[in-house]
Each structure stands twice: as C-alpha cells, then as structure tokens.
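With compact mmCIF, C-alpha atoms inside, this is start.txt:
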# COMPACT_ATOMS: atom_id res chain seq x y z
CA MET A 1 18.61 31.85 -0.54
CA GLN A 2 15.23 33.39 0.32
CA LYS A 3 13.70 31.89 -2.82
CA GLY A 4 14.96 28.43 -1.83
CA LYS A 5 13.39 28.75 1.63
CA ALA A 6 10.11 29.92 0.13
CA ILE A 7 9.96 26.90 -2.19
CA PHE A 8 10.78 24.55 0.70
CA TYR A 9 7.99 25.89 2.93
CA TRP A 10 5.53 25.99 0.03
CA LYS A 11 6.17 22.29 -0.62
CA LYS A 12 5.71 21.49 3.09
CA TRP A 13 2.44 23.43 3.09
CA LYS A 14 1.23 21.62 -0.02
CA GLN A 15 2.05 18.25 1.55
CA THR A 16 0.14 19.19 4.72
CA GLN A 17 -2.84 20.31 2.65
CA SER A 18 -2.79 17.01 0.74
CA LEU A 19 -2.82 14.97 3.96
CA SER A 20 -5.57 17.17 5.37
CA GLN A 21 -7.72 16.63 2.29
CA SER A 22 -7.16 12.88 2.46
CA HIS A 23 -8.47 12.76 6.04
CA SER A 24 -11.51 14.95 5.41
CA GLY A 25 -14.89 13.35 4.86
CA CYS A 26 -13.90 10.07 6.51
CA CYS A 27 -14.58 8.75 9.97
CA SER A 28 -11.59 7.89 12.15
CA PRO A 29 -10.42 4.27 11.76
CA LYS A 30 -11.40 1.92 14.57
CA LYS A 31 -8.89 1.61 17.41
CA ILE A 32 -7.95 -2.02 18.02
CA ASN A 33 -6.65 -3.42 21.29
CA LYS A 34 -3.35 -5.25 20.70
CA ASP A 35 -4.36 -7.84 23.28
CA HIS A 36 -7.08 -9.03 20.90
CA LEU A 37 -4.50 -9.99 18.26
CA THR A 38 -3.00 -13.49 18.48
CA ASP A 39 -0.51 -15.31 16.24
CA ALA A 40 -2.18 -17.34 13.51
CA THR A 41 0.98 -19.39 12.94
CA SER A 42 3.01 -21.45 15.39
CA ASN A 43 6.33 -19.86 14.40
CA GLY A 44 5.26 -16.22 14.07
CA GLU A 45 5.68 -16.33 10.27
CA VAL A 46 6.45 -12.98 8.63
CA LEU A 47 4.35 -12.44 5.51
CA ARG A 48 6.31 -9.53 4.10
CA ALA A 49 9.11 -7.19 5.09
CA GLY A 50 9.93 -3.78 3.67
CA VAL A 51 11.07 -0.27 4.42
CA PHE A 52 7.92 0.26 6.53
CA GLY A 53 8.51 -2.74 8.83
CA ILE A 54 6.97 -6.23 8.70
CA SER A 55 3.58 -7.84 8.08
CA SER A 56 2.46 -10.95 9.92
CA LYS A 57 -0.54 -13.26 9.95
CA LYS A 58 -2.67 -13.04 13.09
CA THR A 59 -6.16 -13.73 14.37
CA TYR A 60 -8.52 -10.97 15.48
CA ARG A 61 -11.76 -12.05 17.13
CA GLY A 62 -11.64 -15.35 15.28
CA ILE A 63 -10.87 -13.77 11.89
CA THR A 64 -7.55 -14.23 10.07
CA VAL A 65 -5.96 -10.83 9.47
CA ALA A 66 -2.76 -9.31 8.12
CA VAL A 67 -1.05 -7.03 10.63
CA LYS A 68 1.33 -4.39 9.32
CA GLU A 69 3.82 -3.50 12.05
CA PHE A 70 5.59 -0.19 11.52
CA LYS A 71 9.18 0.45 12.51
CA GLU A 72 9.89 2.44 15.66
CA ASN A 73 10.49 5.59 13.62
CA GLY A 74 7.11 5.24 11.90
CA SER A 75 5.03 8.32 12.69
CA HIS A 76 1.47 8.37 14.01
CA SER A 77 0.35 10.46 11.02
CA LEU A 78 1.79 7.88 8.58
CA VAL A 79 -0.34 5.12 10.09
CA THR A 80 -3.53 7.15 10.37
CA HIS A 81 -3.06 8.46 6.81
CA GLU A 82 -2.89 4.94 5.34
CA ALA A 83 -5.79 3.79 7.52
CA SER A 84 -7.94 6.76 6.47
CA VAL A 85 -7.28 6.17 2.78
CA LEU A 86 -8.02 2.43 3.13
CA ALA A 87 -11.28 3.23 4.89
CA LYS A 88 -12.43 5.02 1.73
CA MET A 89 -11.55 2.15 -0.61
CA GLU A 90 -14.89 0.30 -0.78
CA HIS A 91 -13.73 -2.04 -3.54
CA PRO A 92 -12.74 -5.76 -3.64
CA GLY A 93 -9.40 -4.77 -5.15
CA PHE A 94 -8.31 -3.28 -1.79
CA PRO A 95 -8.06 -5.00 1.60
CA LEU A 96 -10.85 -4.54 4.14
CA LEU A 97 -9.64 -2.36 7.02
CA PHE A 98 -10.39 -3.56 10.55
CA GLY A 99 -8.57 -0.75 12.32
CA CYS A 100 -5.23 0.31 13.76
CA CYS A 101 -3.28 0.32 17.02
CA THR A 102 -1.68 3.69 17.70
CA GLU A 103 -1.74 3.92 21.49
CA THR A 104 1.78 2.50 21.89
CA LYS A 105 4.61 1.58 19.54
CA PRO A 106 5.07 -0.36 17.40
CA TYR A 107 2.03 1.02 15.59
CA LEU A 108 -0.13 -1.56 13.81
CA LEU A 109 -2.50 -1.56 10.84
CA VAL A 110 -4.97 -4.46 10.74
CA THR A 111 -6.57 -5.59 7.48
CA GLN A 112 -8.21 -8.71 6.08
CA PHE A 113 -5.75 -11.47 5.18
CA HIS A 114 -5.53 -12.39 1.50
CA GLY A 115 -3.57 -15.27 0.01
CA ILE A 116 -3.53 -18.73 -1.55
CA GLU A 117 -3.96 -21.75 0.73
CA GLY A 118 -3.07 -19.65 3.75
CA HIS A 119 0.12 -18.24 2.25
CA CYS A 120 0.95 -14.73 1.08
CA VAL A 121 1.45 -14.69 -2.70
CA THR A 122 2.34 -11.49 -4.51
CA PHE A 123 1.82 -10.57 -8.16
CA LYS A 124 5.60 -10.74 -8.54
CA SER A 125 5.88 -14.27 -7.13
CA LEU A 126 2.84 -15.53 -9.06
CA VAL A 127 4.65 -14.78 -12.33
CA LEU A 128 7.09 -17.59 -11.46
CA ARG A 129 4.34 -20.12 -10.69
CA ASN A 130 2.48 -22.52 -12.92
CA ILE A 131 -1.24 -21.83 -12.66
CA ASN A 132 -4.29 -23.45 -14.23
CA ASP A 133 -5.67 -21.80 -17.35
CA PRO A 134 -3.00 -19.04 -17.27
CA GLN A 135 -4.40 -16.99 -20.17
CA SER A 136 -7.83 -16.65 -18.57
CA GLU A 137 -6.43 -16.08 -15.07
CA TRP A 138 -3.90 -13.43 -16.10
CA CYS A 139 -6.43 -11.57 -18.25
CA ARG A 140 -8.78 -11.36 -15.28
CA ILE A 141 -5.99 -10.37 -12.87
CA MET A 142 -4.85 -7.53 -15.13
CA TYR A 143 -8.40 -6.35 -15.75
CA GLU A 144 -9.20 -6.35 -12.03
CA CYS A 145 -5.96 -4.47 -11.25
CA ALA A 146 -6.96 -1.80 -13.76
CA ASP A 147 -10.49 -1.66 -12.33
CA ALA A 148 -9.16 -1.19 -8.78
CA LEU A 149 -6.84 1.60 -9.94
CA TYR A 150 -9.70 3.24 -11.81
CA TYR A 151 -11.70 3.20 -8.58
CA ASN A 152 -8.69 4.59 -6.67
CA HIS A 153 -8.45 7.47 -9.15
CA SER A 154 -12.21 8.06 -9.01
CA LYS A 155 -11.73 8.74 -5.30
CA GLU A 156 -9.16 11.42 -6.28
CA TYR A 157 -6.16 9.39 -5.11
CA LEU A 158 -2.85 8.32 -6.62
CA HIS A 159 -1.29 5.13 -5.23
CA ASN A 160 2.30 6.29 -5.90
CA TYR A 161 3.90 2.95 -4.99
CA LEU A 162 2.42 0.34 -7.29
CA LYS A 163 4.70 -2.63 -8.03
CA GLY A 164 4.64 -6.41 -8.11
CA ASP A 165 5.27 -6.75 -4.37
CA ASN A 166 2.36 -4.46 -3.51
CA VAL A 167 -0.32 -6.53 -5.22
CA ILE A 168 -1.42 -9.60 -3.26
CA ILE A 169 -3.12 -12.50 -5.03
CA ASN A 170 -6.20 -13.91 -3.34
CA GLU A 171 -7.82 -17.24 -4.22
CA ASN A 172 -11.60 -17.23 -4.10
CA SER A 173 -13.91 -19.89 -5.55
CA HIS A 174 -10.97 -21.51 -7.41
CA SER A 175 -10.05 -18.29 -9.21
CA LEU A 176 -7.33 -15.71 -8.55
CA HIS A 177 -7.97 -12.06 -7.77
CA PRO A 178 -5.55 -9.13 -7.14
CA VAL A 179 -5.66 -6.98 -4.02
CA ILE A 180 -3.66 -3.74 -4.01
CA ILE A 181 -1.94 -2.96 -0.71
CA ASP A 182 0.54 -0.47 0.82
CA LEU A 183 -1.41 2.76 0.45
CA GLY A 184 0.88 4.69 2.77
CA LYS A 185 2.33 6.76 -0.08
CA CYS A 186 -1.09 7.63 -1.48
CA SER A 187 -1.68 11.28 -2.22
CA THR A 188 -4.60 13.20 -3.60
CA ILE A 189 -4.40 13.77 -7.34
CA ALA A 190 -4.18 17.50 -6.63
CA GLY A 191 -1.24 16.85 -4.31
CA GLY A 192 0.68 14.67 -6.75
CA LYS A 193 4.35 15.48 -7.35
CA ILE A 194 6.47 15.66 -10.48
CA TYR A 195 10.12 14.77 -9.94
CA HIS A 196 12.94 16.06 -12.14
CA LEU A 197 15.89 13.75 -11.61
CA SER A 198 19.52 14.37 -12.43
CA PRO A 199 21.17 11.91 -14.89
CA ARG A 200 22.89 10.25 -11.91
CA ASP A 201 19.61 9.79 -10.03
CA GLN A 202 17.97 8.48 -13.19
CA GLU A 203 20.57 5.71 -13.41
CA LYS A 204 20.00 4.88 -9.75
CA TYR A 205 16.26 4.57 -10.25
CA ARG A 206 16.67 2.39 -13.33
CA LYS A 207 18.98 0.08 -11.37
CA TYR A 208 17.21 -0.18 -8.02
CA HIS A 209 13.60 0.77 -8.79
CA LYS A 210 12.81 -1.15 -11.96
CA HIS A 211 9.08 -1.05 -11.23
CA VAL A 212 9.04 2.71 -11.88
CA ALA A 213 7.81 3.43 -15.40
CA PRO A 214 10.71 4.60 -17.62
CA GLU A 215 8.84 7.70 -18.77
CA VAL A 216 8.65 8.83 -15.12
CA VAL A 217 12.41 8.53 -14.60
CA ARG A 218 13.59 11.66 -16.33

Could I get this file's structure written as structure tokens?
Amino acid sequence: MQKGKAIFYWKKWKQTQSLSQSHSGCCSPKKINKDHLTDATSNGEVLRAGVFGISSKKTYRGITVAVKEFKENGSHSLVTHEASVLAKMEHPGFPLLFGCCTETKPYLLVTQFHGIEGHCVTFKSLVLRNINDPQSEWCRIMYECADALYYNHSKEYLHNYLKGDNVIINENSHSLHPVIIDLGKCSTIAGGKIYHLSPRDQEKYRKYHKHVAPEVVR
C-alpha cells in the first residue's frame, strides 16, 4: 500500500517537474483581449472539434487566426503549457502563436490560421483528395513533417499526440506544406512516459487509436 502511494506521488512530482521545465526559459505568452476577436465567417464555422473543445476561424486586428476554445473543465495550466511550448517553436512547421485568453472561461489559444482556399484541411482529409503532382507534393509534405519533428526534438520536446488530424495542410505559392498543431500533450524528452498496457487495453488502443504506432501498444 505504502509502495503504491510512493509511486503515485513520484509520478505526480515528475509530471510537475516536466511542466516546470517546459515553462522555463520562455517569456509568458501575450494576453489577448477577447473583444478584439471577431468571427471571420458569417455562420461561425467550426474548423475542428475534439476532446479539448472546438477551433474556429476568427479575425484578430485584421489578421485571420485560428482560435482554440477549451472546454469549461480545461485548466489554466493546460492552456499556458501549450502556449509556452508553441512560443518556443520558431519553425514554419508549427503555427505562429499570437497569444491566449485566460482571464475568463472559456480559455482561448490564438494562432495563425492555416488552410487551403480559406478552409481547414488536415493531413488525414488530404489523403482522400486529388492533388496536382501528387508524388512531388507528398514527398515534400512528408519531408517537412519529419523536419518539423526533428526541430521539435531538438528543443527537447516530444509531441505525444501526432496523428492525421493534428497536421494541418497550408497552401502557399501553389504548393502544400504541413503544420503540426495540438501541442497540449507535449512533454520534455526527460519527462516522457512509457506505458505498459494490459492485453485488454492493447485491443482497445488498436481499435480506437489506430494512429498509435503498433510497437508502442504493448
């Protein structure tokens, strides 16, 4: 019993240390006034929806942005953690952070909008589309994904939630480029976790989380 409690508190301490390290050496993200955000679409179009909440397209000081709106149970530390990690990602493979709104709920994270012809297109949805010169485009997309991840790792971070829905495709100068989003589950490499799943949990992951590499589900 005592051993179980010790392991539990050690894991909590390690998680706290990981978050503390991720915030160190980085200035606090800019605080944005919600009143300066206006709908960029007439019908309040939702770009994406997930376990975190929803993302919508808005305008901030004349610039089109993507606003990630967290659910009511989303914690302040969750938002500031993702914002702090994003602030360190000085790479075209990650969205430019404008700031966050954490004075009142729902908390918001504001980043540059990326898409094709004004619409949100994910890596997953692009697979089902016909694109010009697919061999050249897909080779570049995969290379740039790998380069962004290499940069992420060089900053001593693990993304921990990479999948087809969390890579947005951006069109620039008639070519397609990937942008990795959803860095809320990022951890430092030192704070990375190894999960040992029961056979039952392994089956669950293979069924509902097909993006997880099979060698990880064990």

Pairwise distance, atom CA of A:Ile116 with atom CA of A:Cys145, equals 17.4 Å

Using only C-alpha atoms, the shortest atom-to-atom distance to A:Glu45 among A:Pro199, A:Gly62, A:Gly118, A:Pro106 belongs to A:Gly118

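Proximity to A:Tyr107 was assessed for A:Tyr60, A:Tyr150, A:Tyr157, A:Phe52 counting only C-alpha atoms; the smallest distance is recorded for A:Phe52.
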
Give me, as a PyMOL selection string, all polymer residues having an atom no more than 10 Å from stretch 169-177 of chain A, counting all atoms listed in the file and skipping those fewer than 3 positions away in the same chain.
chain A and resi 92-93+113-126+131-133+136-138+140-145+166+180

Give me, as a ChimeraX atom specification, all polymer residues having an atom no more than 7 Å from stretch 201-208 of chain A, counting all atoms listed in the file and skipping those fewer than 3 positions away in the same chain. /A:197-198,217-218

Using only C-alpha atoms, the shortest atom-to-atom distance to A:Arg61 among A:Ala83, A:Leu47, A:Leu149, A:Ile32 belongs to A:Ile32

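Distances here use only C-alpha atoms; by that measure, the residue among A:Ala146, A:Leu86, A:Ala190, A:Ala213 closest to A:Tyr161 is A:Ala213.
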
For stretch 158-191 of chain A, where the input has fewer atoms than it should, I would like N, CA and C atoms rebuilt and written as a tab-separated table (two decimals), keeping the file's coordinate frame.
chain	number	residue	atom	x	y	z
A	158	LEU	N	-3.91	8.99	-5.88
A	158	LEU	CA	-2.85	8.32	-6.62
A	158	LEU	C	-2.18	7.35	-5.66
A	159	HIS	N	-1.91	6.12	-6.11
A	159	HIS	CA	-1.29	5.13	-5.23
A	159	HIS	C	0.17	5.48	-4.95
A	160	ASN	N	0.90	5.82	-5.99
A	160	ASN	CA	2.30	6.29	-5.90
A	160	ASN	C	3.34	5.23	-5.54
A	161	TYR	N	2.91	3.97	-5.36
A	161	TYR	CA	3.90	2.95	-4.99
A	161	TYR	C	3.50	1.58	-5.54
A	162	LEU	N	2.92	1.59	-6.72
A	162	LEU	CA	2.42	0.34	-7.29
A	162	LEU	C	3.56	-0.46	-7.91
A	163	LYS	N	3.69	-1.72	-7.49
A	163	LYS	CA	4.70	-2.63	-8.03
A	163	LYS	C	4.27	-4.05	-7.71
A	164	GLY	N	5.02	-5.01	-8.25
A	164	GLY	CA	4.64	-6.41	-8.11
A	164	GLY	C	4.53	-6.91	-6.69
A	165	ASP	N	5.31	-6.33	-5.77
A	165	ASP	CA	5.27	-6.75	-4.37
A	165	ASP	C	4.08	-6.15	-3.62
A	166	ASN	N	3.45	-5.14	-4.19
A	166	ASN	CA	2.36	-4.46	-3.51
A	166	ASN	C	0.99	-4.83	-4.07
A	167	VAL	N	0.95	-5.96	-4.77
A	167	VAL	CA	-0.32	-6.53	-5.22
A	167	VAL	C	-0.35	-7.98	-4.72
A	168	ILE	N	-1.28	-8.26	-3.82
A	168	ILE	CA	-1.42	-9.60	-3.26
A	168	ILE	C	-2.45	-10.37	-4.09
A	169	ILE	N	-2.18	-11.66	-4.29
A	169	ILE	CA	-3.12	-12.50	-5.03
A	169	ILE	C	-3.97	-13.30	-4.06
A	170	ASN	N	-5.27	-13.21	-4.21
A	170	ASN	CA	-6.20	-13.91	-3.34
A	170	ASN	C	-6.97	-14.96	-4.14
A	171	GLU	N	-7.05	-16.17	-3.56
A	171	GLU	CA	-7.82	-17.24	-4.22
A	171	GLU	C	-9.22	-17.28	-3.63
A	172	ASN	N	-10.20	-17.22	-4.52
A	172	ASN	CA	-11.60	-17.23	-4.10
A	172	ASN	C	-12.41	-18.00	-5.12
A	173	SER	N	-13.09	-19.05	-4.67
A	173	SER	CA	-13.91	-19.89	-5.55
A	173	SER	C	-13.09	-20.42	-6.73
A	174	HIS	N	-11.88	-20.89	-6.43
A	174	HIS	CA	-10.97	-21.51	-7.41
A	174	HIS	C	-10.50	-20.56	-8.51
A	175	SER	N	-10.59	-19.26	-8.26
A	175	SER	CA	-10.05	-18.29	-9.21
A	175	SER	C	-9.20	-17.28	-8.44
A	176	LEU	N	-8.30	-16.61	-9.17
A	176	LEU	CA	-7.33	-15.71	-8.55
A	176	LEU	C	-7.71	-14.24	-8.77
A	177	HIS	N	-7.57	-13.46	-7.71
A	177	HIS	CA	-7.97	-12.06	-7.77
A	177	HIS	C	-6.90	-11.18	-7.11
A	178	PRO	N	-6.57	-10.03	-7.72
A	178	PRO	CA	-5.55	-9.13	-7.14
A	178	PRO	C	-6.12	-8.21	-6.08
A	179	VAL	N	-5.30	-7.93	-5.07
A	179	VAL	CA	-5.66	-6.98	-4.02
A	179	VAL	C	-4.48	-6.02	-3.84
A	180	ILE	N	-4.72	-4.75	-4.09
A	180	ILE	CA	-3.66	-3.74	-4.01
A	180	ILE	C	-3.47	-3.29	-2.56
A	181	ILE	N	-2.23	-3.32	-2.10
A	181	ILE	CA	-1.94	-2.96	-0.71
A	181	ILE	C	-0.93	-1.81	-0.65
A	182	ASP	N	-0.47	-1.52	0.56
A	182	ASP	CA	0.54	-0.47	0.82
A	182	ASP	C	0.11	0.88	0.25
A	183	LEU	N	-0.89	1.46	0.89
A	183	LEU	CA	-1.41	2.76	0.45
A	183	LEU	C	-0.82	3.92	1.24
A	184	GLY	N	0.28	3.66	1.94
A	184	GLY	CA	0.88	4.69	2.77
A	184	GLY	C	1.43	5.88	2.00
A	185	LYS	N	1.80	5.66	0.73
A	185	LYS	CA	2.33	6.76	-0.08
A	185	LYS	C	1.25	7.43	-0.93
A	186	CYS	N	0.01	7.03	-0.72
A	186	CYS	CA	-1.09	7.63	-1.48
A	186	CYS	C	-1.14	9.14	-1.25
A	187	SER	N	-1.45	9.84	-2.33
A	187	SER	CA	-1.68	11.28	-2.22
A	187	SER	C	-2.94	11.61	-3.01
A	188	THR	N	-3.50	12.76	-2.76
A	188	THR	CA	-4.60	13.20	-3.60
A	188	THR	C	-4.03	13.53	-4.98
A	189	ILE	N	-4.86	13.45	-5.98
A	189	ILE	CA	-4.40	13.77	-7.34
A	189	ILE	C	-3.90	15.21	-7.38
A	190	ALA	N	-4.60	16.09	-6.67
A	190	ALA	CA	-4.18	17.50	-6.63
A	190	ALA	C	-2.84	17.66	-5.95
A	191	GLY	N	-2.50	16.74	-5.03
A	191	GLY	CA	-1.24	16.85	-4.31
A	191	GLY	C	-0.12	16.02	-4.90
